[in-house]
$ cat work_32.cif   # mmCIF, C-alpha atoms
data_model
#
loop_
_atom_site.label_atom_id
_atom_site.label_comp_id
_atom_site.auth_asym_id
_atom_site.auth_seq_id
_atom_site.Cartn_x
_atom_site.Cartn_y
_atom_site.Cartn_z
CA MET L 95 82.16 97.51 78.65
CA GLY L 96 78.66 96.67 79.89
CA VAL L 97 76.91 98.38 82.78
CA GLN L 98 77.22 95.36 85.06
CA GLU L 99 80.93 94.96 84.35
CA ARG L 100 81.55 98.66 84.98
CA ARG L 101 79.66 98.52 88.27
CA ALA L 102 81.60 95.44 89.34
CA ARG L 103 84.89 97.22 88.62
CA GLU L 104 83.75 100.31 90.47
CA ARG L 105 82.74 98.20 93.46
CA THR L 106 86.10 96.44 93.48
CA ALA L 107 87.96 99.75 93.21
CA ARG L 108 85.93 101.26 96.07
CA LYS L 109 86.64 98.27 98.31
CA GLU L 110 90.35 98.51 97.51
CA THR L 111 90.29 102.21 98.42
CA ILE L 112 88.72 101.37 101.79
CA LEU L 113 91.25 98.60 102.42
CA ASP L 114 94.15 100.92 101.53
CA ALA L 115 92.87 103.48 104.02
CA ALA L 116 92.48 100.82 106.71
CA ARG L 117 96.00 99.53 106.00
CA ALA L 118 97.52 102.99 106.43
CA LEU L 119 95.58 103.70 109.62
CA LEU L 120 96.48 100.33 111.07
CA LEU L 121 100.15 101.24 110.80
CA GLU L 122 99.60 104.72 112.22
CA ARG L 123 97.16 103.98 115.04
CA GLY L 124 97.11 100.24 115.58
CA PHE L 125 94.01 98.06 115.70
CA THR L 126 92.26 99.57 118.70
CA GLY L 127 93.05 103.12 117.58
CA THR L 128 91.51 102.66 114.14
CA THR L 129 87.79 103.35 113.68
CA THR L 130 85.46 103.03 110.73
CA LYS L 131 84.89 106.80 110.95
CA GLN L 132 88.61 107.38 110.48
CA ILE L 133 88.70 104.92 107.60
CA ALA L 134 85.79 106.72 105.95
CA ASP L 135 87.43 110.13 106.44
CA ARG L 136 90.74 108.88 105.03
CA CYS L 137 89.14 107.78 101.76
CA GLU L 138 86.69 110.73 101.69
CA LEU L 139 83.58 108.61 102.01
CA SER L 140 80.70 108.61 104.44
CA GLU L 141 80.79 106.00 107.18
CA ALA L 142 77.49 104.67 105.78
CA THR L 143 79.22 104.05 102.44
CA VAL L 144 81.98 102.10 104.19
CA PHE L 145 79.33 99.95 105.88
CA PHE L 146 77.75 99.31 102.47
CA TYR L 147 80.92 97.48 101.44
CA PHE L 148 81.95 96.05 104.82
CA LYS L 149 79.71 95.16 107.74
CA SER L 150 82.20 96.15 110.44
CA LYS L 151 85.79 97.08 111.22
CA ASP L 152 86.44 93.41 111.96
CA GLU L 153 85.33 92.48 108.44
CA ILE L 154 87.70 95.09 106.97
CA LEU L 155 90.62 93.72 108.98
CA THR L 156 89.63 90.15 108.14
CA SER L 157 89.79 91.10 104.45
CA LEU L 158 93.32 92.42 105.01
CA LEU L 159 94.16 89.21 106.82
CA PHE L 160 93.05 87.11 103.83
CA GLU L 161 95.06 89.40 101.58
CA GLY L 162 98.11 88.75 103.76
CA ILE L 163 97.53 84.98 103.75
CA ASP L 164 97.47 85.01 99.93
CA PHE L 165 100.65 87.11 99.83
CA TRP L 166 102.43 84.60 102.09
CA ARG L 167 101.24 81.69 99.94
CA ARG L 168 102.61 83.21 96.74
CA GLY L 169 105.96 83.90 98.38
CA LEU L 170 106.28 80.39 99.76
CA ASP L 171 105.35 79.02 96.32
CA LYS L 172 108.32 80.91 94.86
CA VAL L 173 110.68 79.48 97.47
CA ALA L 174 109.34 75.98 96.84
CA ALA L 175 110.08 76.33 93.11
CA LEU L 176 113.81 76.89 93.77
CA THR L 177 116.53 74.27 94.08
CA LEU L 178 118.38 75.16 97.27
CA THR L 179 120.69 73.64 99.84
CA PRO L 180 119.26 73.27 103.36
CA GLU L 181 121.15 76.35 104.55
CA GLU L 182 120.00 78.34 101.51
CA THR L 183 116.42 77.31 102.22
CA LEU L 184 116.59 78.68 105.77
CA SER L 185 118.18 81.89 104.50
CA ARG L 186 115.66 82.36 101.71
CA ILE L 187 112.70 81.87 104.06
CA TRP L 188 114.18 84.33 106.58
CA LYS L 189 114.74 86.88 103.81
CA PHE L 190 111.16 86.38 102.66
CA PHE L 191 109.95 87.14 106.20
CA ALA L 192 112.01 90.35 106.05
CA GLN L 193 110.61 91.23 102.62
CA VAL L 194 107.04 90.88 103.90
CA HIS L 195 107.81 93.08 106.90
CA LYS L 196 109.36 95.74 104.67
CA GLU L 197 106.58 95.76 102.06
CA HIS L 198 103.58 94.95 104.29
CA PRO L 199 104.29 95.54 107.98
CA GLU L 200 100.53 95.59 108.54
CA TYR L 201 100.46 91.82 107.97
CA TYR L 202 102.64 91.38 111.06
CA GLN L 203 100.34 93.63 113.07
CA LEU L 204 97.40 91.48 112.02
CA SER L 205 99.29 88.32 113.00
CA ALA L 206 99.95 89.78 116.44
CA PHE L 207 96.30 90.86 116.66
CA LEU L 208 95.17 87.25 116.22
CA ALA L 209 96.90 86.37 119.50
CA ARG L 210 94.57 88.66 121.45
CA PRO L 211 91.67 87.10 123.36
CA GLN L 212 88.44 87.18 121.36
CA ALA L 213 90.31 88.65 118.40
CA ILE L 214 87.87 87.32 115.82
CA SER L 215 84.88 86.70 118.05
CA ASP L 216 82.69 88.89 115.83
CA VAL L 217 83.39 87.06 112.59
CA SER L 218 81.21 84.20 111.41
CA GLU L 219 82.08 80.55 111.95
CA GLU L 220 82.43 80.22 108.17
CA VAL L 221 85.02 83.02 107.97
CA ARG L 222 86.83 81.76 111.07
CA GLY L 223 87.03 78.33 109.48
CA GLU L 224 88.42 79.83 106.27
CA ILE L 225 91.11 81.69 108.22
CA ILE L 226 92.10 78.47 109.99
CA LEU L 227 92.13 76.52 106.73
CA ARG L 228 94.09 78.97 104.60
CA SER L 229 96.60 80.03 107.23
CA GLY L 230 97.02 76.36 108.16
CA GLU L 231 97.84 75.54 104.55
CA ASN L 232 100.57 78.18 104.60
CA PHE L 233 102.09 76.73 107.77
CA GLN L 234 101.90 73.25 106.24
CA GLN L 235 103.77 74.49 103.18
CA LEU L 236 106.39 76.17 105.34
CA GLY L 237 106.76 72.96 107.32
CA ALA L 238 107.08 70.91 104.12
CA LEU L 239 109.80 73.21 102.80
CA LEU L 240 111.76 72.82 106.01
CA GLU L 241 111.11 69.08 106.20
CA ASP L 242 112.70 68.73 102.76
CA ALA L 243 115.65 70.77 103.96
CA LEU L 244 116.10 69.32 107.46
CA GLY L 245 114.37 65.93 107.44
CA GLN L 246 113.88 63.79 110.56
CA GLY L 247 110.46 65.23 111.33
CA LYS L 248 111.86 68.71 112.01
CA GLY L 249 109.82 70.63 109.45
CA ARG L 250 106.80 71.69 111.51
CA ILE L 251 108.83 72.55 114.61
CA ALA L 252 111.41 74.46 112.56
CA GLY L 253 108.63 76.38 110.82
CA ASP L 254 107.14 77.42 114.15
CA LEU L 255 110.60 78.36 115.44
CA LEU L 256 111.51 80.55 112.46
CA TRP L 257 108.13 82.25 112.28
CA ALA L 258 107.83 82.86 116.02
CA SER L 259 111.41 84.14 116.19
CA PHE L 260 110.98 86.64 113.38
CA LEU L 261 107.54 87.83 114.53
CA GLY L 262 108.70 88.21 118.12
CA LEU L 263 111.84 90.09 117.10
CA MET L 264 109.81 92.53 115.02
CA LEU L 265 107.46 93.15 117.95
CA VAL L 266 110.47 93.79 120.20
CA ARG L 267 111.94 96.20 117.66
CA GLU L 268 108.69 98.14 117.21
CA SER L 269 108.15 98.30 120.98
CA ARG L 270 111.59 99.82 121.48
CA ILE L 271 111.05 102.32 118.67
CA ASN L 272 107.71 103.36 120.18
CA LEU L 273 109.43 103.90 123.54
CA GLY L 274 112.12 106.05 121.94
CA SER L 275 114.88 103.48 122.47
CA PRO L 276 117.52 102.63 119.85
CA ARG L 277 116.24 100.58 116.94
CA HIS L 278 117.28 97.01 117.54
CA PRO L 279 117.62 94.24 116.70
CA THR L 280 119.27 95.86 113.71
CA ASP L 281 119.45 94.23 110.29
CA ARG L 282 122.96 93.07 111.21
CA ASP L 283 121.59 91.58 114.42
CA MET L 284 118.92 89.76 112.40
CA SER L 285 121.62 88.17 110.22
CA ARG L 286 123.50 87.02 113.31
CA ILE L 287 120.30 85.59 114.80
CA LEU L 288 119.69 83.63 111.60
CA LYS L 289 123.20 82.19 111.87
CA LEU L 290 122.48 81.05 115.42
CA LEU L 291 119.22 79.45 114.36
CA THR L 292 120.88 77.79 111.37
CA HIS L 293 123.66 76.46 113.58
CA GLY L 294 121.05 74.89 115.85
CA LEU L 295 118.97 73.43 113.02
CA LEU L 296 121.91 72.33 110.86
CA PRO L 297 124.72 71.53 113.29
CA GLU L 298 126.26 68.98 110.94
CA ALA L 299 126.78 71.58 108.19
CA HIS L 300 128.59 73.92 110.56
CA ASP L 301 130.61 71.16 112.20
CA GLY L 302 131.84 70.11 108.78
CA ARG L 303 133.40 73.52 108.22
CA LYS L 304 135.63 73.33 111.25
#
$ encode --input "work_32.cif" --output "structure tokens"
Amino acid sequence: MGVQERRARERTARKETILDAARALLLERGFTGTTTKQIADRCELSEATVFFYFKSKDEILTSLLFEGIDFWRRGLDKVAALTLTPEETLSRIWKFFAQVHKEHPEYYQLSAFLARPQAISDVSEEVRGEIILRSGENFQQLGALLEDALGQGKGRIAGDLLWASFLGLMLVRESRINLGSPRHPTDRDMSRILKLLTHGLLPEAHDGRK
């Protein structure tokens, strides 16, 4: 291995260490409660070293956001490769949402963060445009999957409905947990909610079972 290749690998590994620390702190403290000093302390680096790899906290969180966008894309690609009935498509997408929340709850926090005023005001126009482009492509793919399943121009609206429902429900659950209330909606509740959504999106399938 040459010197340049070794340095490139070391740089990549150091950036991953910083991102891992930021990911953990984001879950523990939230966006506003996470500082670059805390990130540096978590990975046993100086804050100056963190700034060598990332210009700001916003750039660190933007990197995590791109990571999340790529994760979503790969998951949707897997769903698209399957041959499913319309009802199975809705179920598989809902289960994928749950998988992401279980494996990477920080991606949901970042999605909620984007709804805040001036959330990415400090990032460049180029990066903002890339976020819009890549996240938009994911929503287009989600809409296309649902259009194939539902038809009649329902794909985009159904995609927004499923995504907004799941994201909102997770925010409600986490809010209740933070307040010390019982953890709900439970997993059983989530299954029942999916049935309600499916009944609304595929009424003909359910009517045919009566």
$ residues_around --input "work_32.cif" --residues "range 140-154 of chain L" --least-positions-apart "3" --cutoff "12 Å" --atoms "all atoms listed in the file" --output "PyMOL selection string"
chain L and resi 104-117+119-120+125-137+157-161+204+207-208+212-218+221-222
$ closest_residue --input "work_32.cif" --among "L:Gly274, L:Val173, L:Leu184, L:Ser205" --to "Ile225 in chain L" --atoms "all atoms listed in the file"
L:Ser205
$ atom_distance --input "work_32.cif" --atom1 "CA of Lys196 in chain L" --atom2 "CA of Leu139 in chain L"
28.9 Å
$ resolve_selection --input "work_32.cif" --expression "the PyMOL selection byres ((chain L and resi 259) around 12)" --output "list in words"
Trp188, Phe191, Ala192, Ile251, Ala252, Gly253, Asp254, Leu255, Leu256, Trp257, Ala258, Phe260, Leu261, Gly262, Leu263, Met264, Leu265, Val266, Pro279, Met284, Ile287, Leu288, Leu290 and Leu291 of chain L
$ closest_residue --input "work_32.cif" --among "L:Gln246, L:Asp283, L:Trp166, L:Leu273" --to "Tyr202 in chain L" --atoms "only C-alpha atoms"
L:Trp166
$ atom_distance --input "work_32.cif" --atom1 "CA of Thr292 in chain L" --atom2 "CA of Ile226 in chain L"
28.8 Å
$ closest_residue --input "work_32.cif" --among "L:Arg270, L:Arg167, L:Lys172, L:Lys189" --to "Gln234 in chain L" --atoms "all atoms listed in the file"
L:Arg167
$ build_atoms --input "work_32.cif" --residues "range 157-173 of chain L" --atoms "N, CA and C atoms" --output "PDB file, keeping the file's coordinate frame"
ATOM      1  N   SER L 157      89.460  91.041 105.876  1.00  0.00           N
ATOM      2  CA  SER L 157      89.790  91.100 104.450  1.00  0.00           C
ATOM      3  C   SER L 157      91.290  91.322 104.250  1.00  0.00           C
ATOM      4  N   LEU L 158      91.870  92.204 105.070  1.00  0.00           N
ATOM      5  CA  LEU L 158      93.320  92.420 105.010  1.00  0.00           C
ATOM      6  C   LEU L 158      94.070  91.158 105.418  1.00  0.00           C
ATOM      7  N   LEU L 159      93.521  90.442 106.381  1.00  0.00           N
ATOM      8  CA  LEU L 159      94.160  89.210 106.820  1.00  0.00           C
ATOM      9  C   LEU L 159      94.182  88.182 105.690  1.00  0.00           C
ATOM     10  N   PHE L 160      93.078  88.026 104.969  1.00  0.00           N
ATOM     11  CA  PHE L 160      93.050  87.110 103.830  1.00  0.00           C
ATOM     12  C   PHE L 160      94.030  87.557 102.743  1.00  0.00           C
ATOM     13  N   GLU L 161      94.113  88.864 102.555  1.00  0.00           N
ATOM     14  CA  GLU L 161      95.060  89.400 101.580  1.00  0.00           C
ATOM     15  C   GLU L 161      96.484  88.998 101.972  1.00  0.00           C
ATOM     16  N   GLY L 162      96.786  89.124 103.267  1.00  0.00           N
ATOM     17  CA  GLY L 162      98.110  88.750 103.760  1.00  0.00           C
ATOM     18  C   GLY L 162      98.374  87.261 103.596  1.00  0.00           C
ATOM     19  N   ILE L 163      97.380  86.429 103.888  1.00  0.00           N
ATOM     20  CA  ILE L 163      97.530  84.980 103.750  1.00  0.00           C
ATOM     21  C   ILE L 163      97.876  84.626 102.299  1.00  0.00           C
ATOM     22  N   ASP L 164      97.202  85.270 101.351  1.00  0.00           N
ATOM     23  CA  ASP L 164      97.470  85.010  99.930  1.00  0.00           C
ATOM     24  C   ASP L 164      98.877  85.468  99.545  1.00  0.00           C
ATOM     25  N   PHE L 165      99.314  86.601 100.115  1.00  0.00           N
ATOM     26  CA  PHE L 165     100.650  87.110  99.830  1.00  0.00           C
ATOM     27  C   PHE L 165     101.705  86.114 100.322  1.00  0.00           C
ATOM     28  N   TRP L 166     101.501  85.598 101.546  1.00  0.00           N
ATOM     29  CA  TRP L 166     102.430  84.600 102.090  1.00  0.00           C
ATOM     30  C   TRP L 166     102.466  83.349 101.210  1.00  0.00           C
ATOM     31  N   ARG L 167     101.299  82.905 100.759  1.00  0.00           N
ATOM     32  CA  ARG L 167     101.240  81.690  99.940  1.00  0.00           C
ATOM     33  C   ARG L 167     102.047  81.850  98.662  1.00  0.00           C
ATOM     34  N   ARG L 168     101.880  82.996  97.992  1.00  0.00           N
ATOM     35  CA  ARG L 168     102.610  83.210  96.740  1.00  0.00           C
ATOM     36  C   ARG L 168     104.112  83.242  96.988  1.00  0.00           C
ATOM     37  N   GLY L 169     104.536  83.850  98.070  1.00  0.00           N
ATOM     38  CA  GLY L 169     105.960  83.900  98.380  1.00  0.00           C
ATOM     39  C   GLY L 169     106.540  82.541  98.686  1.00  0.00           C
ATOM     40  N   LEU L 170     105.811  81.740  99.446  1.00  0.00           N
ATOM     41  CA  LEU L 170     106.280  80.390  99.760  1.00  0.00           C
ATOM     42  C   LEU L 170     106.303  79.522  98.505  1.00  0.00           C
ATOM     43  N   ASP L 171     105.353  79.746  97.599  1.00  0.00           N
ATOM     44  CA  ASP L 171     105.350  79.020  96.320  1.00  0.00           C
ATOM     45  C   ASP L 171     106.644  79.292  95.546  1.00  0.00           C
ATOM     46  N   LYS L 172     107.086  80.544  95.580  1.00  0.00           N
ATOM     47  CA  LYS L 172     108.320  80.910  94.860  1.00  0.00           C
ATOM     48  C   LYS L 172     109.533  80.228  95.475  1.00  0.00           C
ATOM     49  N   VAL L 173     109.565  80.168  96.807  1.00  0.00           N
ATOM     50  CA  VAL L 173     110.680  79.480  97.470  1.00  0.00           C
ATOM     51  C   VAL L 173     110.662  77.998  97.124  1.00  0.00           C
TER      52      VAL L 173
END
